[in-house]
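The file start_0.cif contains mmCIF, C-alpha atoms:
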```
data_data
loop_
_atom_site.group_PDB
_atom_site.id
_atom_site.type_symbol
_atom_site.label_atom_id
_atom_site.label_comp_id
_atom_site.auth_asym_id
_atom_site.auth_seq_id
_atom_site.Cartn_x
_atom_site.Cartn_y
_atom_site.Cartn_z
ATOM 1 C CA MET N 1 102.318 49.015 45.046
ATOM 2 C CA SER N 2 101.737 45.785 43.221
ATOM 3 C CA LEU N 3 101.366 45.563 39.474
ATOM 4 C CA ARG N 4 97.737 44.540 39.917
ATOM 5 C CA LYS N 5 97.012 47.708 41.897
ATOM 6 C CA LEU N 6 98.767 49.887 39.329
ATOM 7 C CA PHE N 7 96.911 48.266 36.410
ATOM 8 C CA PRO N 8 93.608 47.024 37.833
ATOM 9 C CA HIS N 9 92.210 46.616 34.357
ATOM 10 C CA PRO N 10 95.035 46.185 31.795
ATOM 11 C CA LEU N 11 92.691 45.852 28.805
ATOM 12 C CA LEU N 12 90.987 49.129 29.698
ATOM 13 C CA THR N 13 94.413 50.781 29.960
ATOM 14 C CA VAL N 14 95.285 49.641 26.431
ATOM 15 C CA LEU N 15 91.845 50.608 25.096
ATOM 16 C CA LEU N 16 91.930 54.117 26.579
ATOM 17 C CA THR N 17 95.434 54.755 25.264
ATOM 18 C CA VAL N 18 94.556 53.541 21.771
ATOM 19 C CA VAL N 19 91.304 55.546 21.712
ATOM 20 C CA TRP N 20 93.188 58.649 22.787
ATOM 21 C CA MET N 21 95.732 58.136 19.977
ATOM 22 C CA MET N 22 92.927 57.596 17.456
ATOM 23 C CA LEU N 23 91.198 60.782 18.594
ATOM 24 C CA TYR N 24 94.417 62.704 17.938
ATOM 25 C CA ASN N 25 94.989 60.693 14.747
ATOM 26 C CA THR N 26 98.755 60.759 15.303
ATOM 27 C CA VAL N 27 101.362 58.637 17.063
ATOM 28 C CA SER N 28 103.677 61.156 18.676
ATOM 29 C CA LEU N 29 105.447 60.838 22.004
ATOM 30 C CA GLY N 30 103.301 63.476 23.701
ATOM 31 C CA VAL N 31 100.034 61.875 22.635
ATOM 32 C CA VAL N 32 101.164 58.385 23.678
ATOM 33 C CA VAL N 33 102.381 59.597 27.064
ATOM 34 C CA PHE N 34 99.214 61.527 27.822
ATOM 35 C CA GLY N 35 97.110 58.597 26.592
ATOM 36 C CA LEU N 36 99.040 56.314 28.937
ATOM 37 C CA ILE N 37 98.505 58.720 31.840
ATOM 38 C CA LEU N 38 94.747 58.610 31.210
ATOM 39 C CA GLY N 39 94.894 54.870 30.628
ATOM 40 C CA VAL N 40 96.546 54.316 33.997
ATOM 41 C CA LEU N 41 94.612 56.876 36.054
ATOM 42 C CA ILE N 42 91.058 56.151 34.891
ATOM 43 C CA PRO N 43 91.091 52.384 35.694
ATOM 44 C CA ILE N 44 92.601 53.118 39.138
ATOM 45 C CA ILE N 45 89.978 55.762 39.933
ATOM 46 C CA THR N 46 87.039 53.706 38.654
ATOM 47 C CA SER N 47 88.038 50.232 39.874
ATOM 48 C CA PRO N 48 86.398 50.575 43.358
ATOM 49 C CA TYR N 49 83.064 51.071 41.614
ATOM 50 C CA TRP N 50 83.415 47.921 39.562
ATOM 51 C CA PRO N 51 84.334 44.941 41.732
ATOM 52 C CA ASP N 52 84.022 41.364 40.453
ATOM 53 C CA ARG N 53 84.459 42.215 36.813
ATOM 54 C CA PRO N 54 83.750 39.179 34.668
ATOM 55 C CA LYS N 55 86.777 37.895 32.808
ATOM 56 C CA MET N 56 86.337 38.206 29.070
ATOM 57 C CA LYS N 57 87.483 34.972 27.533
ATOM 58 C CA ASN N 58 87.121 33.299 24.176
ATOM 59 C CA PHE N 59 88.376 36.104 21.922
ATOM 60 C CA PRO N 60 87.534 34.316 18.633
ATOM 61 C CA MET N 61 83.930 34.268 19.872
ATOM 62 C CA ILE N 62 84.021 38.046 20.438
ATOM 63 C CA VAL N 63 85.065 38.534 16.807
ATOM 64 C CA GLU N 64 82.369 36.102 15.636
ATOM 65 C CA TYR N 65 79.785 37.924 17.738
ATOM 66 C CA ALA N 66 80.804 41.307 16.307
ATOM 67 C CA VAL N 67 80.509 40.010 12.719
ATOM 68 C CA VAL N 68 77.100 38.422 13.370
ATOM 69 C CA VAL N 69 75.803 41.598 15.032
ATOM 70 C CA LEU N 70 77.141 43.900 12.290
ATOM 71 C CA TRP N 71 75.495 41.755 9.616
ATOM 72 C CA ASP N 72 72.212 41.716 11.545
ATOM 73 C CA ILE N 73 72.322 45.505 11.918
ATOM 74 C CA VAL N 74 72.554 45.907 8.137
ATOM 75 C CA VAL N 75 69.666 43.468 7.656
ATOM 76 C CA ALA N 76 67.704 45.235 10.413
ATOM 77 C CA ASN N 77 67.990 48.532 8.572
ATOM 78 C CA PHE N 78 66.372 47.095 5.471
ATOM 79 C CA ILE N 79 63.611 45.324 7.408
ATOM 80 C CA VAL N 80 62.709 48.423 9.421
ATOM 81 C CA ALA N 81 62.914 50.668 6.335
ATOM 82 C CA ARG N 82 60.532 48.315 4.520
ATOM 83 C CA THR N 83 58.107 48.305 7.454
ATOM 84 C CA ILE N 84 58.164 52.102 7.661
ATOM 85 C CA LEU N 85 57.697 52.689 3.948
ATOM 86 C CA PHE N 86 55.418 49.909 2.755
ATOM 87 C CA VAL N 87 53.348 48.594 5.658
ATOM 88 C CA PRO N 88 50.303 50.699 6.577
ATOM 89 C CA ASN N 89 50.103 51.564 10.257
ATOM 90 C CA ARG N 90 46.952 49.507 10.845
ATOM 91 C CA ASP N 91 48.741 46.356 9.631
ATOM 92 C CA ILE N 92 51.740 46.836 11.913
ATOM 93 C CA HIS N 93 51.404 44.435 14.772
ATOM 94 C CA SER N 94 53.599 45.784 17.586
ATOM 95 C CA THR N 95 53.973 43.486 20.545
ATOM 96 C CA TRP N 96 55.938 42.774 23.709
ATOM 97 C CA VAL N 97 57.994 39.610 24.173
ATOM 98 C CA THR N 98 59.453 38.199 27.378
ATOM 99 C CA ILE N 99 62.878 36.649 26.912
ATOM 100 C CA PRO N 100 63.831 34.293 29.770
ATOM 101 C CA LEU N 101 67.558 34.707 30.398
ATOM 102 C CA ASP N 102 70.163 31.998 30.865
ATOM 103 C CA ILE N 103 72.990 34.494 31.310
ATOM 104 C CA ARG N 104 73.390 35.918 34.800
ATOM 105 C CA THR N 105 76.304 38.354 34.565
ATOM 106 C CA PRO N 106 75.020 41.963 34.498
ATOM 107 C CA GLU N 107 77.642 42.887 31.885
ATOM 108 C CA ALA N 108 76.451 40.114 29.587
ATOM 109 C CA ILE N 109 72.802 41.129 30.050
ATOM 110 C CA THR N 110 73.727 44.735 29.221
ATOM 111 C CA ALA N 111 75.498 43.599 26.058
ATOM 112 C CA LEU N 112 72.505 41.466 25.092
ATOM 113 C CA ALA N 113 70.053 44.336 25.708
ATOM 114 C CA GLY N 114 72.176 46.694 23.602
ATOM 115 C CA THR N 115 72.455 44.150 20.799
ATOM 116 C CA ILE N 116 68.699 43.556 20.788
ATOM 117 C CA THR N 117 68.095 47.285 20.474
ATOM 118 C CA MET N 118 70.419 47.559 17.460
ATOM 119 C CA THR N 119 69.120 44.499 15.559
ATOM 120 C CA PRO N 120 66.043 43.421 13.571
ATOM 121 C CA SER N 121 62.930 45.332 14.651
ATOM 122 C CA THR N 122 63.396 44.643 18.365
ATOM 123 C CA ASP N 123 64.042 47.051 21.255
ATOM 124 C CA SER N 124 64.845 45.962 24.783
ATOM 125 C CA ALA N 125 62.959 47.970 27.405
ATOM 126 C CA ASP N 126 63.273 46.486 30.885
ATOM 127 C CA THR N 127 64.426 43.508 32.929
ATOM 128 C CA SER N 128 62.538 41.678 35.606
ATOM 129 C CA ALA N 129 63.562 42.715 39.108
ATOM 130 C CA ASP N 130 65.539 39.503 39.597
ATOM 131 C CA ARG N 131 67.304 39.952 36.216
ATOM 132 C CA ARG N 132 66.006 36.623 34.954
ATOM 133 C CA SER N 133 64.017 37.871 31.996
ATOM 134 C CA LEU N 134 64.224 40.705 29.528
ATOM 135 C CA LEU N 135 61.329 42.765 28.180
ATOM 136 C CA VAL N 136 61.604 43.243 24.424
ATOM 137 C CA HIS N 137 59.390 45.275 22.117
ATOM 138 C CA CYS N 138 58.890 44.074 18.534
ATOM 139 C CA LEU N 139 57.953 46.526 15.820
ATOM 140 C CA ASP N 140 55.981 44.165 13.597
ATOM 141 C CA GLU N 141 55.855 40.546 14.679
ATOM 142 C CA ARG N 142 53.205 37.877 14.979
ATOM 143 C CA ASP N 143 55.431 34.909 15.694
ATOM 144 C CA THR N 144 56.893 35.857 19.084
ATOM 145 C CA ALA N 145 58.284 32.366 19.753
ATOM 146 C CA SER N 146 60.638 32.636 16.788
ATOM 147 C CA VAL N 147 61.897 36.031 17.992
ATOM 148 C CA ARG N 148 62.671 34.513 21.371
ATOM 149 C CA ASP N 149 64.452 31.516 19.819
ATOM 150 C CA GLN N 150 66.480 33.705 17.497
ATOM 151 C CA ILE N 151 67.660 36.014 20.277
ATOM 152 C CA LYS N 152 68.582 33.082 22.480
ATOM 153 C CA GLN N 153 70.289 31.155 19.689
ATOM 154 C CA ARG N 154 72.111 33.934 17.884
ATOM 155 C CA TYR N 155 73.111 36.274 20.688
ATOM 156 C CA GLU N 156 72.633 34.845 24.141
ATOM 157 C CA ARG N 157 74.423 31.566 23.393
ATOM 158 C CA ARG N 158 77.490 33.459 22.120
ATOM 159 C CA LEU N 159 77.454 35.965 24.984
ATOM 160 C CA LYS N 160 77.316 33.105 27.459
ATOM 161 C CA GLU N 161 80.499 31.699 25.968
ATOM 162 C CA ILE N 162 82.184 35.110 26.104
ATOM 163 C CA PHE N 163 81.235 36.159 29.619
ATOM 164 C CA GLU N 164 80.482 33.009 31.600
ATOM 165 C CA MET Z 1 86.024 57.207 -11.448
ATOM 166 C CA ILE Z 2 84.947 53.924 -9.870
ATOM 167 C CA LEU Z 3 85.966 55.326 -6.514
ATOM 168 C CA GLU Z 4 83.833 58.409 -7.030
ATOM 169 C CA LEU Z 5 80.866 56.261 -8.020
ATOM 170 C CA LEU Z 6 81.359 54.112 -4.927
ATOM 171 C CA ILE Z 7 81.586 57.137 -2.621
ATOM 172 C CA SER Z 8 78.505 58.686 -4.223
ATOM 173 C CA ALA Z 9 76.612 55.402 -3.873
ATOM 174 C CA PHE Z 10 77.397 55.226 -0.164
ATOM 175 C CA LEU Z 11 76.340 58.847 0.312
ATOM 176 C CA VAL Z 12 73.038 58.253 -1.482
ATOM 177 C CA ILE Z 13 72.321 55.067 0.518
ATOM 178 C CA ALA Z 14 73.112 56.965 3.713
ATOM 179 C CA GLY Z 15 70.813 59.816 2.749
ATOM 180 C CA VAL Z 16 67.936 57.479 1.897
ATOM 181 C CA PHE Z 17 68.185 55.592 5.187
ATOM 182 C CA GLY Z 18 68.508 58.784 7.208
ATOM 183 C CA LEU Z 19 65.384 60.088 5.521
ATOM 184 C CA VAL Z 20 63.454 56.844 6.056
ATOM 185 C CA GLY Z 21 64.432 56.766 9.734
ATOM 186 C CA SER Z 22 63.272 60.333 10.259
ATOM 187 C CA PHE Z 23 60.082 59.678 8.288
ATOM 188 C CA GLY Z 24 59.393 56.676 10.534
ATOM 189 C CA LEU Z 25 59.429 58.978 13.532
ATOM 190 C CA ILE Z 26 56.346 60.815 12.277
ATOM 191 C CA LYS Z 27 54.676 57.944 10.418
ATOM 192 C CA LEU Z 28 54.531 55.181 13.024
ATOM 193 C CA SER Z 29 51.637 55.342 15.432
ATOM 194 C CA ASP Z 30 52.671 54.593 19.002
ATOM 195 C CA ARG Z 31 55.683 55.662 21.012
ATOM 196 C CA MET Z 32 57.388 52.293 21.344
ATOM 197 C CA ALA Z 33 57.055 51.637 17.606
ATOM 198 C CA ARG Z 34 58.464 55.061 16.831
ATOM 199 C CA LEU Z 35 61.546 54.225 18.855
ATOM 200 C CA HIS Z 36 62.460 51.541 16.297
ATOM 201 C CA ALA Z 37 62.924 53.985 13.432
ATOM 202 C CA PRO Z 38 65.818 56.074 14.784
ATOM 203 C CA THR Z 39 67.622 53.158 16.494
ATOM 204 C CA LYS Z 40 67.862 51.121 13.310
ATOM 205 C CA ALA Z 41 67.296 52.814 9.989
ATOM 206 C CA THR Z 42 69.603 55.626 11.059
ATOM 207 C CA THR Z 43 72.525 53.311 11.869
ATOM 208 C CA LEU Z 44 73.003 52.545 8.193
ATOM 209 C CA GLY Z 45 72.481 56.225 7.435
ATOM 210 C CA VAL Z 46 75.363 57.300 9.607
ATOM 211 C CA GLY Z 47 77.364 54.208 8.644
ATOM 212 C CA GLY Z 48 77.099 55.036 4.947
ATOM 213 C CA VAL Z 49 78.393 58.578 5.440
ATOM 214 C CA LEU Z 50 81.287 57.255 7.530
ATOM 215 C CA ILE Z 51 82.270 54.624 4.932
ATOM 216 C CA ALA Z 52 82.107 57.251 2.177
ATOM 217 C CA SER Z 53 84.234 59.592 4.276
ATOM 218 C CA MET Z 54 86.796 56.854 4.957
ATOM 219 C CA LEU Z 55 87.016 55.963 1.256
ATOM 220 C CA TYR Z 56 87.401 59.594 0.237
ATOM 221 C CA PHE Z 57 90.071 60.478 2.766
ATOM 222 C CA SER Z 58 92.032 57.223 2.337
ATOM 223 C CA PHE Z 59 92.181 57.088 -1.443
ATOM 224 C CA SER Z 60 91.317 60.508 -2.807
ATOM 225 C CA ALA Z 61 92.830 62.852 -0.245
ATOM 226 C CA GLY Z 62 95.495 60.361 0.896
ATOM 227 C CA ASP Z 63 94.943 61.251 4.527
ATOM 228 C CA PHE Z 64 93.629 58.266 6.449
ATOM 229 C CA SER Z 65 91.778 59.152 9.609
ATOM 230 C CA PHE Z 66 90.693 57.031 12.561
ATOM 231 C CA HIS Z 67 87.931 59.435 13.463
ATOM 232 C CA GLU Z 68 85.263 57.536 11.516
ATOM 233 C CA LEU Z 69 86.025 54.425 13.569
ATOM 234 C CA MET Z 70 85.678 56.467 16.744
ATOM 235 C CA VAL Z 71 82.339 57.861 15.604
ATOM 236 C CA THR Z 72 81.130 54.305 14.902
ATOM 237 C CA LEU Z 73 82.288 53.118 18.314
ATOM 238 C CA PHE Z 74 80.621 55.973 20.200
ATOM 239 C CA LEU Z 75 77.445 55.628 18.132
ATOM 240 C CA PHE Z 76 77.146 51.926 18.973
ATOM 241 C CA LEU Z 77 77.692 52.689 22.650
ATOM 242 C CA THR Z 78 75.246 55.580 22.919
ATOM 243 C CA ALA Z 79 72.352 54.571 20.618
ATOM 244 C CA PRO Z 80 71.109 51.567 22.669
ATOM 245 C CA ILE Z 81 71.499 53.460 25.955
ATOM 246 C CA THR Z 82 69.448 56.398 24.685
ATOM 247 C CA ALA Z 83 66.810 53.979 23.432
ATOM 248 C CA HIS Z 84 66.708 52.263 26.853
ATOM 249 C CA TYR Z 85 66.174 55.578 28.593
ATOM 250 C CA ILE Z 86 63.339 56.554 26.276
ATOM 251 C CA ALA Z 87 61.691 53.124 26.573
ATOM 252 C CA LYS Z 88 62.017 53.183 30.334
ATOM 253 C CA SER Z 89 60.572 56.654 30.786
ATOM 254 C CA HIS Z 90 57.729 55.611 28.480
ATOM 255 C CA ILE Z 91 57.015 52.598 30.721
ATOM 256 C CA HIS Z 92 57.100 54.764 33.845
ATOM 257 C CA ARG Z 93 54.845 57.500 32.540
ATOM 258 C CA HIS Z 94 52.367 55.776 30.267
ATOM 259 C CA LEU Z 95 52.161 52.074 31.042
ATOM 260 C CA GLU Z 96 50.887 49.908 33.882
ATOM 261 C CA PRO Z 97 51.929 46.392 34.842
ATOM 262 C CA LYS Z 98 48.880 44.982 33.050
ATOM 263 C CA ASP Z 99 50.119 46.421 29.737
ATOM 264 C CA LEU Z 100 53.237 44.281 29.822
ATOM 265 C CA PRO Z 101 53.536 40.503 29.401
ATOM 266 C CA ASP Z 102 54.297 38.241 32.342
ATOM 267 C CA THR Z 103 57.938 38.105 33.427
ATOM 268 C CA GLU Z 104 57.813 34.306 33.709
ATOM 269 C CA THR Z 105 59.781 34.565 36.966
ATOM 270 C CA ASP Z 106 58.839 35.195 40.606
ATOM 271 C CA ARG Z 107 59.378 38.934 40.440
ATOM 272 C CA GLY Z 108 57.774 41.716 38.419
ATOM 273 C CA TRP Z 109 59.385 44.044 35.901
ATOM 274 C CA ALA Z 110 61.998 46.255 37.531
ATOM 275 C CA SER Z 111 60.163 49.452 36.528
ATOM 276 C CA PHE Z 112 57.135 48.584 38.610
ATOM 277 C CA GLU Z 113 58.699 46.982 41.625
ATOM 278 C CA ASP Z 114 59.074 49.053 44.778
ATOM 279 C CA ALA Z 115 62.274 48.965 46.751
ATOM 280 C CA ALA Z 116 60.125 47.925 49.722
ATOM 281 C CA ASP Z 117 59.092 44.727 47.939
ATOM 282 C CA HIS Z 118 62.660 43.766 47.454
ATOM 283 C CA ASP Z 119 63.903 40.626 49.135
ATOM 284 C CA PRO Z 120 67.700 40.385 48.850
ATOM 285 C CA ALA Z 121 67.527 36.641 49.504
ATOM 286 C CA HIS Z 122 66.212 36.248 45.964
ATOM 287 C CA ASP Z 123 69.438 37.439 44.457
ATOM 288 C CA GLN Z 124 71.931 34.789 43.593
ATOM 289 C CA ILE Z 125 74.538 37.224 42.378
ATOM 290 C CA ASP Z 126 76.807 39.207 44.674
ATOM 291 C CA ARG Z 127 75.008 42.394 45.675
ATOM 292 C CA ARG Z 128 78.107 44.571 45.582
ATOM 293 C CA ARG Z 129 78.010 44.675 41.819
ATOM 294 C CA PHE Z 130 74.805 46.605 41.570
ATOM 295 C CA VAL Z 131 73.537 50.073 42.128
ATOM 296 C CA PRO Z 132 70.908 50.143 44.872
ATOM 297 C CA GLN Z 133 67.550 48.718 43.901
ATOM 298 C CA GLY Z 134 65.234 51.560 43.056
ATOM 299 C CA ALA Z 135 67.921 53.753 41.547
ATOM 300 C CA SER Z 136 66.411 53.143 38.130
ATOM 301 C CA ARG Z 137 62.971 54.011 39.504
ATOM 302 C CA ASN Z 138 64.160 57.365 40.675
ATOM 303 C CA GLY Z 139 66.014 57.901 37.424
ATOM 304 C CA VAL Z 140 62.785 59.117 35.869
ATOM 305 C CA ALA Z 141 61.586 62.130 37.795
ATOM 306 C CA ASP Z 142 57.943 62.078 38.735
ATOM 307 C CA GLY Z 143 57.372 65.727 37.917
ATOM 308 C CA SER Z 144 54.548 64.824 35.585
ATOM 309 C CA THR Z 145 52.643 67.884 34.520
ATOM 310 C CA GLN Z 146 50.161 66.094 32.347
#
```
Can the structure from this file be put into C-alpha cells for me?
Amino acid sequence: MSLRKLFPHPLLTVLLTVVWMMLYNTVSLGVVVFGLILGVLIPIITSPYWPDRPKMKNFPMIVEYAVVVLWDIVVANFIVARTILFVPNRDIHSTWVTIPLDIRTPEAITALAGTITMTPSTDSADTSADRRSLLVHCLDERDTASVRDQIKQRYERRLKEIFE
Amino acid sequence: MILELLISAFLVIAGVFGLVGSFGLIKLSDRMARLHAPTKATTLGVGGVLIASMLYFSFSAGDFSFHELMVTLFLFLTAPITAHYIAKSHIHRHLEPKDLPDTETDRGWASFEDAADHDPAHDQIDRRRFVPQGASRNGVADGSTQ
C-alpha cells in the first residue's frame, strides 16, 4: 500500500486529528491516537467520492481571504441590523442579481456562495445549470452593478488565486 | 475590572444583535428578505458570546478552551448551507423562472432545468466530480399540500 493510498488527503488527516483534539480540549496519548485513527480512516473511506480534488495553493492568500471575509461579516452585521431597525419595509428594495462566474472549480464556487451568504446583505440562492453564473439575493440594493463588481473583486478574484 | 467590563460589553453586543436578528425575522416582509436577518445579524450575536466566553475562561477562570473555536468553525460551515436550502426550497415552491433575472449564459437556473434538458456536451468540467444532474431538484420533495 503506497503512502498516497494510505493518506489520500494529508491535510484532511491533520485537520480531523486537530479538530478531535480540540473537541476533547486535551493532548493525551489516547486522544491523539484515536484522532489519528479517525484522521486516517475518514479520508480513505471518503476519497472515492471526491476524485479530482483541486489543489489548494497560495496559503498567504487563504489567510488574506479569511481576514477580508471576517471583517466583511462584522460590517454586514451592522448594515443588516440598521436595515432591520431603521428602514421601513416599504423602502426596502429587495432584488436579485446575476453574478457571471470566472471560477470553474465546484469547490471554489461553493466557497464563494457560502461567503456571499455570510457577507453584506447578500444571499446566494442558485447557480445556472452550467455553473457559469450565480443567483444572488440582495436585501436592500438599488445599485446592482456595484454589488456584482464588489463580489467579483473582493471574493472571486482571491478564490481564483487559491483554487485555480 | 477592565476585563469584566470587556466581557460584559461583548455579552451586551451579542444580546443586541441576537435580538435584532430575531426581530428581523418577523419584521421583514418577504421570505427571501427574512432569510438575511438570521444569516447575518446573528453571526455577531453568537460571535460576541463566544469571545466573552473565551475571555472569561482564559483570564478569569484560567482554563483555556478550544471549544469556542470549534463552535465558530461549525457555525460558519452550517449557516450558509442552511440558508442555501431555505432559499432553494423557496425557489422551488413559490417562484417561477420569470421571477428570476436572466442567467446571462446558455442554460437556465439549475432549480428550473429538467434533467431531460441536460446536454452533457455543454459541460467543460469532468463529469465525475458531480452528483447526478437533477439530484438538487429532487432534494425538495414535491409533497406540497398548499
If you take only C-alpha atoms and a cut-off of 8 Å, which residues of chain N touch chain Z, and what are their nearest atom pairs and distances in Å to one decimal, in chain and number order, as JSON lines?
```
{"residue": "N:Val19", "atom": "CA", "partner": "Z:Met70", "partner_atom": "CA", "distance": 7.6}
{"residue": "N:Met22", "atom": "CA", "partner": "Z:Phe66", "partner_atom": "CA", "distance": 5.4}
{"residue": "N:Leu23", "atom": "CA", "partner": "Z:His67", "partner_atom": "CA", "distance": 6.2}
{"residue": "N:Asn25", "atom": "CA", "partner": "Z:Phe66", "partner_atom": "CA", "distance": 6.1}
{"residue": "N:Trp50", "atom": "CA", "partner": "Z:Arg129", "partner_atom": "CA", "distance": 6.7}
{"residue": "N:Pro51", "atom": "CA", "partner": "Z:Arg129", "partner_atom": "CA", "distance": 6.3}
{"residue": "N:Asp52", "atom": "CA", "partner": "Z:Arg129", "partner_atom": "CA", "distance": 7.0}
{"residue": "N:Ile73", "atom": "CA", "partner": "Z:Lys40", "partner_atom": "CA", "distance": 7.3}
{"residue": "N:Val74", "atom": "CA", "partner": "Z:Leu44", "partner_atom": "CA", "distance": 6.7}
{"residue": "N:Ala76", "atom": "CA", "partner": "Z:Lys40", "partner_atom": "CA", "distance": 6.6}
{"residue": "N:Asn77", "atom": "CA", "partner": "Z:Ala41", "partner_atom": "CA", "distance": 4.6}
{"residue": "N:Phe78", "atom": "CA", "partner": "Z:Ala41", "partner_atom": "CA", "distance": 7.3}
{"residue": "N:Val80", "atom": "CA", "partner": "Z:Ala41", "partner_atom": "CA", "distance": 6.4}
{"residue": "N:Ala81", "atom": "CA", "partner": "Z:Ala41", "partner_atom": "CA", "distance": 6.1}
{"residue": "N:Ile84", "atom": "CA", "partner": "Z:Gly24", "partner_atom": "CA", "distance": 5.5}
{"residue": "N:Leu85", "atom": "CA", "partner": "Z:Val20", "partner_atom": "CA", "distance": 7.4}
{"residue": "N:Asn89", "atom": "CA", "partner": "Z:Leu28", "partner_atom": "CA", "distance": 6.4}
{"residue": "N:Ser94", "atom": "CA", "partner": "Z:Ala33", "partner_atom": "CA", "distance": 6.8}
{"residue": "N:Trp96", "atom": "CA", "partner": "Z:Pro101", "partner_atom": "CA", "distance": 6.6}
{"residue": "N:Val97", "atom": "CA", "partner": "Z:Pro101", "partner_atom": "CA", "distance": 6.9}
{"residue": "N:Thr98", "atom": "CA", "partner": "Z:Thr103", "partner_atom": "CA", "distance": 6.2}
{"residue": "N:Pro100", "atom": "CA", "partner": "Z:Glu104", "partner_atom": "CA", "distance": 7.2}
{"residue": "N:Arg104", "atom": "CA", "partner": "Z:Ile125", "partner_atom": "CA", "distance": 7.8}
{"residue": "N:Ala113", "atom": "CA", "partner": "Z:Pro80", "partner_atom": "CA", "distance": 7.9}
{"residue": "N:Gly114", "atom": "CA", "partner": "Z:Pro80", "partner_atom": "CA", "distance": 5.1}
{"residue": "N:Thr115", "atom": "CA", "partner": "Z:Pro80", "partner_atom": "CA", "distance": 7.8}
{"residue": "N:Thr117", "atom": "CA", "partner": "Z:Pro80", "partner_atom": "CA", "distance": 5.7}
{"residue": "N:Met118", "atom": "CA", "partner": "Z:Lys40", "partner_atom": "CA", "distance": 6.0}
{"residue": "N:Thr119", "atom": "CA", "partner": "Z:Lys40", "partner_atom": "CA", "distance": 7.1}
{"residue": "N:Pro120", "atom": "CA", "partner": "Z:Lys40", "partner_atom": "CA", "distance": 7.9}
{"residue": "N:Ser121", "atom": "CA", "partner": "Z:His36", "partner_atom": "CA", "distance": 6.4}
{"residue": "N:Thr122", "atom": "CA", "partner": "Z:His36", "partner_atom": "CA", "distance": 7.3}
{"residue": "N:Asp123", "atom": "CA", "partner": "Z:His36", "partner_atom": "CA", "distance": 6.9}
{"residue": "N:Ser124", "atom": "CA", "partner": "Z:His84", "partner_atom": "CA", "distance": 6.9}
{"residue": "N:Ala125", "atom": "CA", "partner": "Z:Ala87", "partner_atom": "CA", "distance": 5.4}
{"residue": "N:Asp126", "atom": "CA", "partner": "Z:Ala110", "partner_atom": "CA", "distance": 6.8}
{"residue": "N:Thr127", "atom": "CA", "partner": "Z:Trp109", "partner_atom": "CA", "distance": 5.9}
{"residue": "N:Ser128", "atom": "CA", "partner": "Z:Trp109", "partner_atom": "CA", "distance": 4.0}
{"residue": "N:Ala129", "atom": "CA", "partner": "Z:Ala110", "partner_atom": "CA", "distance": 4.2}
{"residue": "N:Asp130", "atom": "CA", "partner": "Z:Arg107", "partner_atom": "CA", "distance": 6.2}
{"residue": "N:Arg132", "atom": "CA", "partner": "Z:Thr105", "partner_atom": "CA", "distance": 6.9}
{"residue": "N:Ser133", "atom": "CA", "partner": "Z:Thr103", "partner_atom": "CA", "distance": 6.2}
{"residue": "N:Leu134", "atom": "CA", "partner": "Z:Thr103", "partner_atom": "CA", "distance": 7.8}
{"residue": "N:Leu135", "atom": "CA", "partner": "Z:Thr103", "partner_atom": "CA", "distance": 7.8}
{"residue": "N:His137", "atom": "CA", "partner": "Z:Met32", "partner_atom": "CA", "distance": 7.3}
{"residue": "N:Cys138", "atom": "CA", "partner": "Z:Ala33", "partner_atom": "CA", "distance": 7.8}
{"residue": "N:Leu139", "atom": "CA", "partner": "Z:Ala33", "partner_atom": "CA", "distance": 5.5}
```
Quiz item: On this structure, which residues satisfy the PyMOL selection byres ((chain Z and resi 51) around 12), written as a VMD selection string?
Solution: chain Z and resid 6 to 14 44 to 50 52 to 58 65 to 69 71 to 72
Exercise. May I ask for the distance between atom CA of Glu64 of chain N and atom CA of Pro106 of chain N, given in Å to one decimal place?
Key: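 Distance between the two atoms: 21.1 Å.
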Exercise. Enter the distance from atom CA of Arg93 of chain Z to atom CA of Arg31 of chain Z, in Å, rounded to one decimal.
Key: 11.7 Å
Practice problem: Please write the residues picked by the PyMOL selection byres ((chain N and resi 93) around 7) on this file as an MDAnalysis selection string. | Solution: chainID N and resid 91:92 94:95 139:142
Quick one: residues within 12 Å of Glu156 of chain N, all atoms listed in the file, excluding same-chain residues fewer than 2 positions away - as a compact mmCIF listing (two decimals) with C-alpha atoms, in the coordinates of the input?
```
# COMPACT_ATOMS: atom_id res chain seq x y z
CA TYR N 65 79.78 37.92 17.74
CA VAL N 69 75.80 41.60 15.03
CA ILE N 99 62.88 36.65 26.91
CA PRO N 100 63.83 34.29 29.77
CA LEU N 101 67.56 34.71 30.40
CA ASP N 102 70.16 32.00 30.86
CA ILE N 103 72.99 34.49 31.31
CA ARG N 104 73.39 35.92 34.80
CA THR N 105 76.30 38.35 34.56
CA ALA N 108 76.45 40.11 29.59
CA ILE N 109 72.80 41.13 30.05
CA THR N 110 73.73 44.74 29.22
CA ALA N 111 75.50 43.60 26.06
CA LEU N 112 72.50 41.47 25.09
CA ALA N 113 70.05 44.34 25.71
CA GLY N 114 72.18 46.69 23.60
CA THR N 115 72.46 44.15 20.80
CA ILE N 116 68.70 43.56 20.79
CA LEU N 134 64.22 40.70 29.53
CA ARG N 148 62.67 34.51 21.37
CA ASP N 149 64.45 31.52 19.82
CA GLN N 150 66.48 33.70 17.50
CA ILE N 151 67.66 36.01 20.28
CA LYS N 152 68.58 33.08 22.48
CA GLN N 153 70.29 31.16 19.69
CA ARG N 154 72.11 33.93 17.88
CA ARG N 158 77.49 33.46 22.12
CA LEU N 159 77.45 35.97 24.98
CA LYS N 160 77.32 33.10 27.46
CA GLU N 161 80.50 31.70 25.97
CA ILE N 162 82.18 35.11 26.10
CA PHE N 163 81.24 36.16 29.62
CA GLU N 164 80.48 33.01 31.60
```
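The space between atom CA of Asn58 of chain N and atom CA of Pro10 of chain N spans 16.9 Å.
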Practice problem: Pick out the residues sitting within 8 Å of segment 44-46 of chain N, and hand them over as JSON, numbers by chain; count only C-alpha atoms, and ignore anything fewer than 5 positions along from it in its own chain. | Solution: {"N": [5, 6, 7, 8]}
